[in-house]
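Undergrad: Below you'll find protein20.txt; it's compact mmCIF, C-alpha atoms and all ligand atoms.
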```
# COMPACT_ATOMS: atom_id res chain seq x y z
CA MET I 1 108.74 40.45 -25.99
CA SER I 2 111.70 42.87 -25.92
CA ASP I 3 113.62 43.94 -29.01
CA ASP I 4 116.49 41.75 -27.84
CA ALA I 5 114.22 38.76 -27.56
CA GLU I 6 112.85 39.44 -31.02
CA GLN I 7 116.36 39.47 -32.46
CA THR I 8 117.12 36.22 -30.69
CA THR I 9 114.00 34.68 -32.18
CA ASP I 10 114.89 35.95 -35.61
CA ALA I 11 118.40 34.60 -35.29
CA GLY I 12 116.95 31.18 -34.63
CA ASP I 13 119.59 30.19 -32.04
CA GLY I 14 119.20 28.11 -28.88
CA ASP I 15 117.47 30.85 -26.88
CA GLU I 16 114.23 30.07 -28.72
CA ALA I 17 113.65 27.24 -26.29
CA SER I 18 113.44 29.71 -23.41
CA GLU I 19 110.78 31.70 -25.24
CA VAL I 20 108.72 28.53 -25.41
CA ASP I 21 109.46 27.51 -21.83
CA LEU I 22 108.65 30.90 -20.36
CA ALA I 23 105.29 31.28 -22.09
CA SER I 24 102.29 30.25 -20.04
CA ASP I 25 98.55 30.64 -19.64
CA VAL I 26 95.68 30.23 -22.04
CA TRP I 27 94.20 33.49 -23.30
CA VAL I 28 90.77 33.83 -24.82
CA PHE I 29 89.71 37.01 -26.60
CA ILE I 30 86.18 38.07 -25.63
CA GLU I 31 84.74 39.97 -28.57
CA GLU I 32 82.23 42.66 -27.74
CA HIS I 33 80.64 45.32 -29.90
CA ALA I 34 78.37 48.02 -28.44
CA GLY I 35 77.05 45.78 -25.67
CA ASP I 36 76.80 42.55 -27.68
CA THR I 37 79.24 39.76 -26.92
CA MET I 38 79.87 37.22 -29.68
CA ALA I 39 78.71 33.72 -28.72
CA VAL I 40 81.94 32.19 -30.03
CA SER I 41 83.86 33.99 -27.27
CA TRP I 42 81.98 32.10 -24.58
CA GLU I 43 82.36 28.86 -26.53
CA LEU I 44 86.11 29.43 -26.58
CA LEU I 45 86.21 30.30 -22.91
CA THR I 46 84.72 26.90 -22.08
CA GLU I 47 87.19 25.13 -24.37
CA GLY I 48 90.03 27.28 -23.00
CA ARG I 49 89.09 26.19 -19.48
CA ARG I 50 89.60 22.56 -20.50
CA LEU I 51 93.00 23.30 -22.07
CA ALA I 52 94.14 25.42 -19.10
CA ASP I 53 93.16 22.65 -16.68
CA ASP I 54 95.10 20.10 -18.76
CA LEU I 55 98.13 22.38 -18.71
CA GLU I 56 97.61 23.40 -15.06
CA GLU I 57 97.84 27.01 -16.13
CA ASP I 58 95.55 30.03 -15.77
CA LEU I 59 92.70 30.79 -18.13
CA VAL I 60 92.84 34.51 -18.91
CA ALA I 61 90.06 36.39 -20.70
CA LEU I 62 90.97 39.45 -22.72
CA VAL I 63 88.33 42.13 -23.05
CA ILE I 64 88.86 45.13 -25.31
CA GLY I 65 86.14 47.74 -25.75
CA GLU I 66 84.32 50.64 -24.13
CA ASP I 67 82.40 50.25 -20.84
CA VAL I 68 83.06 46.53 -20.70
CA ASP I 69 82.98 45.92 -16.92
CA ASP I 70 79.93 43.66 -17.21
CA VAL I 71 81.61 41.58 -19.89
CA ALA I 72 84.68 41.17 -17.68
CA THR I 73 82.55 40.01 -14.74
CA GLU I 74 80.68 37.59 -16.97
CA ALA I 75 84.00 36.14 -18.15
CA ILE I 76 84.87 35.32 -14.52
CA GLU I 77 81.42 33.78 -14.02
CA ARG I 78 81.98 31.65 -17.10
CA GLY I 79 85.22 30.18 -15.83
CA ALA I 80 88.13 32.60 -16.42
CA ASP I 81 90.72 32.76 -13.64
CA ARG I 82 91.60 36.33 -14.53
CA VAL I 83 90.50 39.04 -16.94
CA LEU I 84 92.64 41.70 -18.59
CA VAL I 85 90.58 44.71 -19.62
CA ALA I 86 91.53 47.48 -22.05
CA ASP I 87 88.61 49.89 -21.71
CA ASP I 88 88.60 53.05 -23.78
CA PRO I 89 86.37 54.90 -26.30
CA VAL I 90 89.08 54.38 -28.91
CA PHE I 91 87.98 50.74 -29.18
CA GLU I 92 84.37 51.53 -30.18
CA PRO I 93 83.53 51.02 -33.00
CA TYR I 94 85.97 48.27 -33.91
CA ARG I 95 88.98 49.12 -36.02
CA ALA I 96 91.87 46.81 -36.74
CA ASP I 97 94.63 49.28 -35.85
CA PRO I 98 93.69 50.04 -32.22
CA TYR I 99 92.72 46.43 -31.51
CA GLY I 100 95.84 45.02 -33.13
CA THR I 101 98.15 47.48 -31.40
CA GLN I 102 96.62 46.95 -27.96
CA PHE I 103 96.46 43.19 -28.27
CA ARG I 104 100.04 42.95 -29.54
CA GLU I 105 101.32 45.07 -26.67
CA MET I 106 99.63 42.81 -24.13
CA VAL I 107 100.92 39.66 -25.78
CA GLU I 108 104.48 40.96 -25.97
CA GLU I 109 104.44 42.15 -22.37
CA ARG I 110 102.95 39.02 -20.81
CA ASN I 111 103.99 36.15 -23.08
CA PRO I 112 100.94 33.84 -23.08
CA GLY I 113 101.36 30.25 -24.24
CA ILE I 114 98.11 29.99 -26.16
CA VAL I 115 95.82 32.69 -27.58
CA LEU I 116 92.36 31.75 -28.88
CA ILE I 117 90.30 34.17 -30.97
CA GLY I 118 86.85 33.63 -32.50
CA GLY I 119 86.99 33.20 -36.27
CA THR I 120 84.69 36.17 -36.80
CA HIS I 121 85.27 39.05 -39.22
CA THR I 122 86.87 40.97 -36.35
CA GLY I 123 89.00 38.07 -35.12
CA ARG I 124 90.27 37.21 -38.58
CA ASP I 125 90.90 40.88 -39.25
CA PHE I 126 93.27 41.65 -36.40
CA ALA I 127 94.75 38.25 -35.43
CA GLY I 128 97.44 38.55 -38.10
CA ARG I 129 98.45 41.98 -36.80
CA VAL I 130 99.33 40.29 -33.52
CA ALA I 131 100.79 37.06 -34.84
CA VAL I 132 103.18 38.41 -37.48
CA PRO I 133 105.18 40.89 -35.38
CA ALA I 134 105.18 38.47 -32.42
CA HIS I 135 106.53 35.69 -34.72
CA ALA I 136 103.67 33.59 -33.40
CA GLY I 137 102.13 30.62 -35.14
CA LEU I 138 98.56 31.39 -36.21
CA THR I 139 96.21 28.67 -37.37
CA ALA I 140 92.99 29.91 -38.97
CA ASP I 141 89.50 28.39 -38.94
CA VAL I 142 90.26 25.74 -36.34
CA THR I 143 87.56 23.18 -35.52
CA GLU I 144 89.34 21.04 -32.88
CA LEU I 145 91.77 21.92 -30.10
CA ASP I 146 93.91 19.83 -27.80
CA VAL I 147 97.26 19.82 -26.00
CA ASP I 148 99.82 17.04 -26.22
CA ASP I 149 101.96 15.56 -23.43
CA ASP I 150 104.54 18.35 -23.88
CA GLY I 151 101.89 21.01 -23.40
CA GLN I 152 101.94 21.93 -27.07
CA LEU I 153 98.74 23.13 -28.72
CA LEU I 154 97.30 20.81 -31.36
CA ALA I 155 95.11 22.91 -33.65
CA ARG I 156 93.08 20.93 -36.16
CA ARG I 157 91.26 22.29 -39.18
CA PRO I 158 89.91 21.03 -42.50
CA ALA I 159 92.54 21.31 -45.24
CA PHE I 160 92.86 20.65 -48.98
CA GLY I 161 89.25 21.61 -49.61
CA GLY I 162 88.05 19.75 -46.55
CA ASN I 163 89.33 16.35 -47.67
CA VAL I 164 91.66 15.95 -44.69
CA LEU I 165 91.81 17.25 -41.14
CA ALA I 166 95.22 18.87 -40.69
CA GLU I 167 96.87 19.02 -37.25
CA ILE I 168 99.02 22.11 -36.91
CA VAL I 169 101.62 22.68 -34.20
CA CYS I 170 103.92 25.58 -33.48
CA PRO I 171 106.93 24.13 -31.65
CA GLU I 172 109.39 27.04 -31.77
CA HIS I 173 107.52 30.26 -31.10
CA ARG I 174 104.98 31.61 -28.69
CA PRO I 175 102.18 32.34 -28.39
CA GLN I 176 100.44 29.56 -30.25
CA MET I 177 97.48 31.38 -31.80
CA ALA I 178 94.29 30.13 -33.39
CA THR I 179 91.15 31.65 -34.81
CA VAL I 180 88.37 29.17 -34.13
CA ARG I 181 85.16 28.53 -36.02
CA ALA I 182 81.92 29.62 -34.32
CA GLY I 183 79.43 26.98 -33.22
CA VAL I 184 81.92 24.14 -32.88
CA PHE I 185 82.19 24.17 -29.09
CA GLU I 186 79.46 24.49 -26.51
CA ALA I 187 79.47 27.46 -24.13
CA ALA I 188 79.05 26.95 -20.40
CA ASP I 189 76.43 29.10 -18.69
CA PRO I 190 77.62 31.82 -16.30
CA ASP I 191 77.64 30.66 -12.68
CA SER I 192 78.19 33.42 -10.14
CA GLU I 193 77.90 30.90 -7.25
CA ALA I 194 80.99 29.06 -8.50
CA VAL I 195 83.17 32.18 -8.30
CA ASP I 196 85.51 32.15 -5.33
CA GLY I 197 85.56 35.65 -3.78
CA ASP I 198 84.87 38.97 -5.45
CA PRO I 199 85.17 38.78 -9.26
CA ALA I 200 86.49 42.35 -9.24
CA ASP I 201 89.67 41.10 -7.55
CA ARG I 202 90.47 39.07 -10.64
CA ILE I 203 89.93 41.84 -13.15
CA GLU I 204 92.97 43.89 -14.11
CA ARG I 205 92.73 47.10 -16.09
CA VAL I 206 95.72 47.41 -18.37
CA ASP I 207 97.23 50.58 -19.80
CA VAL I 208 95.70 51.60 -23.09
CA VAL I 209 98.56 52.06 -25.52
CA VAL I 210 96.60 53.37 -28.49
CA ASP I 211 96.99 57.04 -29.22
CA GLU I 212 93.59 58.45 -30.21
CA GLU I 213 95.20 61.46 -31.86
CA HIS I 214 96.31 59.27 -34.72
CA THR I 215 92.86 57.95 -35.51
CA VAL I 216 89.75 59.58 -36.93
CA THR I 217 86.46 57.71 -37.12
CA GLU I 218 83.31 58.69 -38.91
CA VAL I 219 80.44 56.19 -38.84
CA LEU I 220 78.31 56.83 -41.90
CA GLU I 221 75.84 53.96 -41.85
CA ARG I 222 75.67 50.37 -40.72
CA ASP I 223 73.30 48.25 -42.74
CA VAL I 224 73.41 44.55 -42.03
CA GLY I 225 70.30 43.82 -44.13
CA ASP I 226 68.68 40.46 -43.49
CA ARG I 227 71.88 38.44 -43.38
CA ALA I 228 71.04 36.37 -40.33
CA ASP I 229 73.81 34.53 -38.52
CA ILE I 230 72.64 30.93 -38.79
CA THR I 231 75.04 29.85 -36.03
CA ASP I 232 72.83 31.72 -33.54
CA ALA I 233 69.49 30.43 -34.85
CA ASP I 234 67.25 28.21 -32.69
CA ARG I 235 65.38 26.89 -35.71
CA LEU I 236 66.60 26.32 -39.25
CA VAL I 237 64.91 25.21 -42.44
CA ALA I 238 67.66 24.01 -44.76
CA VAL I 239 67.28 23.47 -48.49
CA GLY I 240 69.27 21.20 -50.77
CA GLY I 241 69.43 20.13 -54.36
CA GLY I 242 65.89 18.76 -54.13
CA VAL I 243 64.31 22.22 -54.13
CA GLU I 244 65.59 22.79 -57.67
CA GLY I 245 65.78 26.54 -57.21
CA ASN I 246 62.25 26.97 -55.85
CA LEU I 247 62.63 28.30 -52.31
CA ASP I 248 58.95 29.17 -51.79
CA PRO I 249 57.98 26.07 -49.75
CA ALA I 250 61.07 26.47 -47.57
CA ILE I 251 60.47 30.18 -46.97
CA GLU I 252 56.83 29.54 -46.14
CA LEU I 253 57.81 26.81 -43.68
CA ALA I 254 60.56 28.98 -42.16
CA GLU I 255 58.04 31.78 -41.59
CA ALA I 256 55.60 29.40 -39.92
CA LEU I 257 58.35 28.12 -37.63
CA ASP I 258 59.98 31.51 -37.06
CA ALA I 259 63.11 29.84 -38.41
CA ASP I 260 66.06 31.05 -40.49
CA LEU I 261 66.92 29.68 -43.89
CA ALA I 262 70.01 27.47 -44.29
CA ALA I 263 71.35 25.46 -47.21
CA SER I 264 73.53 22.63 -48.40
CA ARG I 265 76.52 23.40 -50.56
CA LYS I 266 74.60 22.26 -53.62
CA ALA I 267 72.00 24.99 -53.06
CA VAL I 268 74.76 27.55 -52.56
CA ASP I 269 76.79 26.41 -55.56
CA GLU I 270 73.68 26.66 -57.72
CA GLY I 271 73.28 30.28 -56.58
CA TRP I 272 69.89 29.73 -54.96
CA VAL I 273 71.05 30.71 -51.46
CA GLU I 274 73.88 33.00 -50.28
CA GLY I 275 77.09 31.36 -49.08
CA ALA I 276 76.73 32.72 -45.53
CA ARG I 277 73.87 30.26 -45.04
CA GLN I 278 75.77 27.12 -46.02
CA VAL I 279 75.92 24.39 -43.39
CA GLY I 280 78.71 21.84 -43.33
CA GLN I 281 82.39 21.21 -43.42
CA THR I 282 83.16 24.19 -45.64
CA GLY I 283 80.19 26.19 -44.34
CA LYS I 284 78.93 26.89 -40.83
CA THR I 285 78.52 24.59 -37.85
CA VAL I 286 75.06 24.98 -36.33
CA ARG I 287 73.39 23.66 -33.17
CA PRO I 288 69.72 24.67 -33.44
CA GLU I 289 66.88 23.21 -31.43
CA LEU I 290 65.18 22.25 -34.71
CA TYR I 291 66.70 21.53 -38.12
CA VAL I 292 64.39 20.77 -41.03
CA ALA I 293 66.24 19.39 -44.07
CA LEU I 294 64.28 19.72 -47.33
CA GLY I 295 65.69 17.79 -50.28
CA ILE I 296 69.11 17.32 -48.74
CA SER I 297 70.78 13.96 -49.38
CA GLY I 298 72.83 13.88 -46.16
CA ALA I 299 76.39 13.85 -47.51
CA VAL I 300 78.97 13.46 -44.77
CA GLN I 301 80.27 17.00 -45.35
CA HIS I 302 76.79 18.40 -44.71
CA ILE I 303 76.12 16.22 -41.66
CA GLU I 304 79.34 17.49 -40.08
CA GLY I 305 77.80 20.94 -39.79
CA MET I 306 74.42 20.00 -38.29
CA ASN I 307 74.98 16.80 -36.35
CA ASP I 308 74.50 18.54 -33.01
CA ALA I 309 71.04 19.87 -33.85
CA ARG I 310 68.63 18.77 -31.12
CA THR I 311 65.75 17.63 -33.34
CA VAL I 312 66.16 16.89 -37.03
CA ILE I 313 63.24 16.50 -39.45
CA ALA I 314 64.23 15.29 -42.93
CA VAL I 315 62.04 15.37 -46.03
CA ASN I 316 63.36 13.41 -49.01
CA ASN I 317 61.72 11.44 -51.81
CA ASP I 318 64.46 8.79 -51.69
CA PRO I 319 63.83 6.36 -48.79
CA ASN I 320 67.52 5.40 -48.88
CA ALA I 321 68.84 8.95 -48.55
CA PRO I 322 71.59 9.03 -45.87
CA ILE I 323 69.98 12.06 -44.20
CA PHE I 324 67.40 9.71 -42.66
CA GLU I 325 70.15 8.06 -40.59
CA HIS I 326 70.69 11.40 -38.87
CA ALA I 327 67.05 12.44 -38.54
CA ASP I 328 64.78 12.10 -35.53
CA TYR I 329 61.81 12.25 -37.87
CA GLY I 330 61.98 11.22 -41.51
CA ILE I 331 59.30 11.90 -44.08
CA VAL I 332 59.63 10.09 -47.42
CA GLY I 333 57.89 12.13 -50.08
CA ASP I 334 57.92 15.12 -52.36
CA LEU I 335 59.05 18.20 -50.44
CA PHE I 336 56.76 20.41 -52.55
CA GLU I 337 53.80 18.54 -51.05
CA ILE I 338 55.18 17.91 -47.58
CA ALA I 339 56.64 21.34 -46.73
CA PRO I 340 53.35 23.27 -47.09
CA ARG I 341 51.61 20.67 -44.91
CA LEU I 342 54.35 20.97 -42.29
CA ALA I 343 53.95 24.75 -42.39
CA VAL I 344 50.31 24.32 -41.41
CA LEU I 345 51.03 21.72 -38.75
CA LEU I 346 54.02 23.39 -37.14
CA ASP I 347 54.11 26.91 -35.88
CA GLU I 348 56.56 28.65 -33.61
CA GLU I 349 54.56 27.83 -30.47
CA THR I 350 54.36 24.13 -31.21
CA ASP I 351 56.77 21.48 -29.99
CA PRO I 352 57.53 19.45 -33.13
CA GLU I 353 57.79 16.28 -31.09
CA GLU I 354 54.09 16.60 -30.23
CA VAL I 355 52.99 17.02 -33.82
CA VAL I 356 55.10 14.83 -36.09
CA GLN I 357 54.41 11.19 -35.38
P1 LIG I 401 71.95 16.50 -53.84
O1 LIG I 401 73.12 15.60 -53.67
O2 LIG I 401 71.62 16.97 -55.20
O3 LIG I 401 70.73 15.79 -53.15
C1 LIG I 401 69.41 16.23 -53.33
C2 LIG I 401 68.52 15.34 -52.51
O4 LIG I 401 67.20 15.81 -52.62
C3 LIG I 401 68.53 13.88 -52.92
O5 LIG I 401 68.69 13.05 -51.77
C4 LIG I 401 67.16 13.66 -53.55
O6 LIG I 401 66.65 12.35 -53.29
C5 LIG I 401 66.33 14.71 -52.84
N1 LIG I 401 65.21 15.21 -53.64
C6 LIG I 401 65.17 15.54 -54.95
N2 LIG I 401 63.97 16.01 -55.30
C7 LIG I 401 63.21 15.97 -54.20
C8 LIG I 401 61.85 16.32 -53.93
N3 LIG I 401 61.06 16.86 -54.86
N4 LIG I 401 61.38 16.14 -52.68
C9 LIG I 401 62.17 15.60 -51.71
N5 LIG I 401 63.46 15.24 -51.92
C10 LIG I 401 63.98 15.45 -53.15
N6 LIG I 401 78.04 19.96 -48.74
C11 LIG I 401 77.40 20.69 -47.82
O7 LIG I 401 76.17 20.68 -47.74
N7 LIG I 401 78.11 21.50 -46.96
C12 LIG I 401 79.47 21.57 -46.98
O8 LIG I 401 80.05 22.32 -46.20
C13 LIG I 401 80.17 20.78 -47.93
N8 LIG I 401 81.52 20.78 -47.96
C14 LIG I 401 82.15 19.95 -48.86
C15 LIG I 401 83.56 19.87 -48.85
C16 LIG I 401 84.20 19.02 -49.72
C17 LIG I 401 85.68 18.94 -49.70
C18 LIG I 401 83.45 18.25 -50.64
C19 LIG I 401 84.16 17.33 -51.56
C20 LIG I 401 82.08 18.32 -50.65
C21 LIG I 401 81.40 19.18 -49.78
N9 LIG I 401 80.03 19.27 -49.79
C22 LIG I 401 79.40 20.00 -48.82
C23 LIG I 401 79.21 18.67 -50.84
C24 LIG I 401 78.58 17.34 -50.45
O9 LIG I 401 79.48 16.29 -50.68
C25 LIG I 401 77.32 17.11 -51.29
O10 LIG I 401 77.65 17.16 -52.66
C26 LIG I 401 76.22 18.13 -51.02
O11 LIG I 401 75.98 18.23 -49.64
C27 LIG I 401 74.94 17.68 -51.75
O12 LIG I 401 73.93 18.59 -51.48
P2 LIG I 401 72.42 18.12 -51.47
O13 LIG I 401 72.28 16.90 -50.64
O14 LIG I 401 71.60 19.29 -51.11
O15 LIG I 401 72.14 17.85 -53.02
```
Take the structure from the file and write it as structure tokens.
Ligand code: FAD
TA:
Amino acid sequence: MSDDAEQTTDAGDGDEASEVDLASDVWVFIEEHAGDTMAVSWELLTEGRRLADDLEEDLVALVIGEDVDDVATEAIERGADRVLVADDPVFEPYRADPYGTQFREMVEERNPGIVLIGGTHTGRDFAGRVAVPAHAGLTADVTELDVDDDGQLLARRPAFGGNVLAEIVCPEHRPQMATVRAGVFEAADPDSEAVDGDPADRIERVDVVVDEEHTVTEVLERDVGDRADITDADRLVAVGGGVEGNLDPAIELAEALDADLAASRKAVDEGWVEGARQVGQTGKTVRPELYVALGISGAVQHIEGMNDARTVIAVNNDPNAPIFEHADYGIVGDLFEIAPRLAVLLDEETDPEEVVQ
């Protein structure tokens, strides 16, 4: 966007309509750090494909990083029409200033209609640096996306403590930006056969506008401890109020299953488990192959976060607990007796469907 256009937007006169009309294409930011691409980026690319098809516009992947050619090619294989690549050592490791500056420049120059960014620490960190100067609407922590008949983005997210689902629109400014929660959408697999022609023809290297002279980086240490990302886990053992602060049976079962530990909000609120492991409406959305719920009642806000698990095993001493309505296998009994027995029966090599009858 030029300075003139910015002034026009600020003035709020009739030219704002042209800003909206001229904007087009759906952009998805592909987040990569030192060779690892965040799963949410591929989830968003699949969802972006659906929106772009509805709008009959291009799906454009944005890749910022160092030595990211493979990521760009993968974005084409996962459905992007085009990829814009800003490849430079200044982008590794991540810092908000270079990312924000580069991203903002690209947005202002090319005027996309929609920009989707994973709601990761990185995405949340720099999205505002793009949205504020561009006068864009930015909706955070989105869990549903759609477009209406006028081609306007409908971004939905839990609001007022999760009691309502708010639908947020941005009618007067572009781009319409959203940071989107990880694990909500499913990612399509890469398919090189489906690519028409040479992927390289669809990858454009853009000018890097960040001046390295102004930045100094010194990496001292990166210690991520044992804080697993439960949205990536294949197997989860989740604890609820029923464990009453004793995590031993759950940890033992998780070790036997090679699973990560997750929790209901009750277990987090009580301080038994860290907040990063909470599943549900105000926690994480997970899609593991196996979800074992120990002493979890099955409140609707919890179910919302784990309903797409492939196989659910629930252990609860209340036969009427709602969790059983969402379980493939329900065991009525005391979790302190059942969990150790499950740990013996199930190990990481065993298909739970063969064992639990
Ligand atoms: P409890 O309700 O205490 O249930 C414990 C269960 O364990 C009971 O069913 C009981 O029968 C069983 N039990 C007890 N002892 C044993 C035993 N020895 N062996 C076997 N079973 C036993 N919750 C979430 O989880 N995630 C969210 O993101 C979330 N977001 C929320 C957002 C809002 C706006 C609100 C209002 C609530 C939210 N909640 C969320 C809270 C939710 O409504 C429930 O209060 C919470 O999920 C209850 O957790 P729980 O089932 O683990 O605990």
Undergrad: With only C-alpha atoms as the counted atoms, please give the residues lying no more than 12 Å from region 323-335 of chain I, apart from itself and same-chain residues fewer than 4 positions off, as number ranges by chain.
TA: I: 238-244, 246-250, 253, 264, 290-319, 339-343, 352-357
Undergrad: Can I get the selected residues back with C-alpha atoms, as a compact mmCIF listing (two decimals), in the frame of the given file?
TA:
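Result saved to result.txt:
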```txt
# COMPACT_ATOMS: atom_id res chain seq x y z
CA ALA I 238 67.66 24.01 -44.76
CA VAL I 239 67.28 23.47 -48.49
CA GLY I 240 69.27 21.20 -50.77
CA GLY I 241 69.43 20.13 -54.36
CA GLY I 242 65.89 18.76 -54.13
CA VAL I 243 64.31 22.22 -54.13
CA GLU I 244 65.59 22.79 -57.67
CA ASN I 246 62.25 26.97 -55.85
CA LEU I 247 62.63 28.30 -52.31
CA ASP I 248 58.95 29.17 -51.79
CA PRO I 249 57.98 26.07 -49.75
CA ALA I 250 61.07 26.47 -47.57
CA LEU I 253 57.81 26.81 -43.68
CA SER I 264 73.53 22.63 -48.40
CA LEU I 290 65.18 22.25 -34.71
CA TYR I 291 66.70 21.53 -38.12
CA VAL I 292 64.39 20.77 -41.03
CA ALA I 293 66.24 19.39 -44.07
CA LEU I 294 64.28 19.72 -47.33
CA GLY I 295 65.69 17.79 -50.28
CA ILE I 296 69.11 17.32 -48.74
CA SER I 297 70.78 13.96 -49.38
CA GLY I 298 72.83 13.88 -46.16
CA ALA I 299 76.39 13.85 -47.51
CA VAL I 300 78.97 13.46 -44.77
CA GLN I 301 80.27 17.00 -45.35
CA HIS I 302 76.79 18.40 -44.71
CA ILE I 303 76.12 16.22 -41.66
CA GLU I 304 79.34 17.49 -40.08
CA GLY I 305 77.80 20.94 -39.79
CA MET I 306 74.42 20.00 -38.29
CA ASN I 307 74.98 16.80 -36.35
CA ASP I 308 74.50 18.54 -33.01
CA ALA I 309 71.04 19.87 -33.85
CA ARG I 310 68.63 18.77 -31.12
CA THR I 311 65.75 17.63 -33.34
CA VAL I 312 66.16 16.89 -37.03
CA ILE I 313 63.24 16.50 -39.45
CA ALA I 314 64.23 15.29 -42.93
CA VAL I 315 62.04 15.37 -46.03
CA ASN I 316 63.36 13.41 -49.01
CA ASN I 317 61.72 11.44 -51.81
CA ASP I 318 64.46 8.79 -51.69
CA PRO I 319 63.83 6.36 -48.79
CA ALA I 339 56.64 21.34 -46.73
CA PRO I 340 53.35 23.27 -47.09
CA ARG I 341 51.61 20.67 -44.91
CA LEU I 342 54.35 20.97 -42.29
CA ALA I 343 53.95 24.75 -42.39
CA PRO I 352 57.53 19.45 -33.13
CA GLU I 353 57.79 16.28 -31.09
CA GLU I 354 54.09 16.60 -30.23
CA VAL I 355 52.99 17.02 -33.82
CA VAL I 356 55.10 14.83 -36.09
CA GLN I 357 54.41 11.19 -35.38
```
Undergrad: Env of region 106-117 of chain I: 7 Å cut, atoms = all atoms listed in the file, seq-sep filter 2 positions within chain, self excluded. Answer as a list in words.
TA: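 Contacts, with the query itself left out: Met1, Ala23, Ser24, Asp25, Val26, Trp27, Val28, Phe29, Gln102, Phe103, Arg104, Gly119, Gly123, Ala134, Arg174, Pro175, Gln176, Met177, Ala178, Thr179 and Val180 of chain I.
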Undergrad: Please tell me which residues are no farther than 12 Å from (77.4, 29.1, -48.0) in the file, counting all atoms listed in the file, and write them as JSON, numbers by chain.
TA: {"I": [227, 229, 230, 238, 239, 240, 261, 262, 263, 264, 265, 266, 267, 268, 269, 270, 271, 272, 273, 274, 275, 276, 277, 278, 279, 280, 281, 282, 283, 284, 285, 302, 305]}
Undergrad: Of the candidates I:Ser192, I:Val210, I:Pro158, I:Ala256, which one gets nearest to ligand LIG 401 (chain I) if we count all atoms listed in the file?
TA: I:Pro158
Undergrad: Rank nothing, just name the residue among I:Asp189, I:Asp87, I:Glu144, I:Glu337 nearest to Gly65 (chain I), using all atoms listed in the file.
TA: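 Checking each of I:Asp189, I:Asp87, I:Glu144, I:Glu337 against Gly65 (chain I), counting all atoms listed in the file, the winner is I:Asp87.
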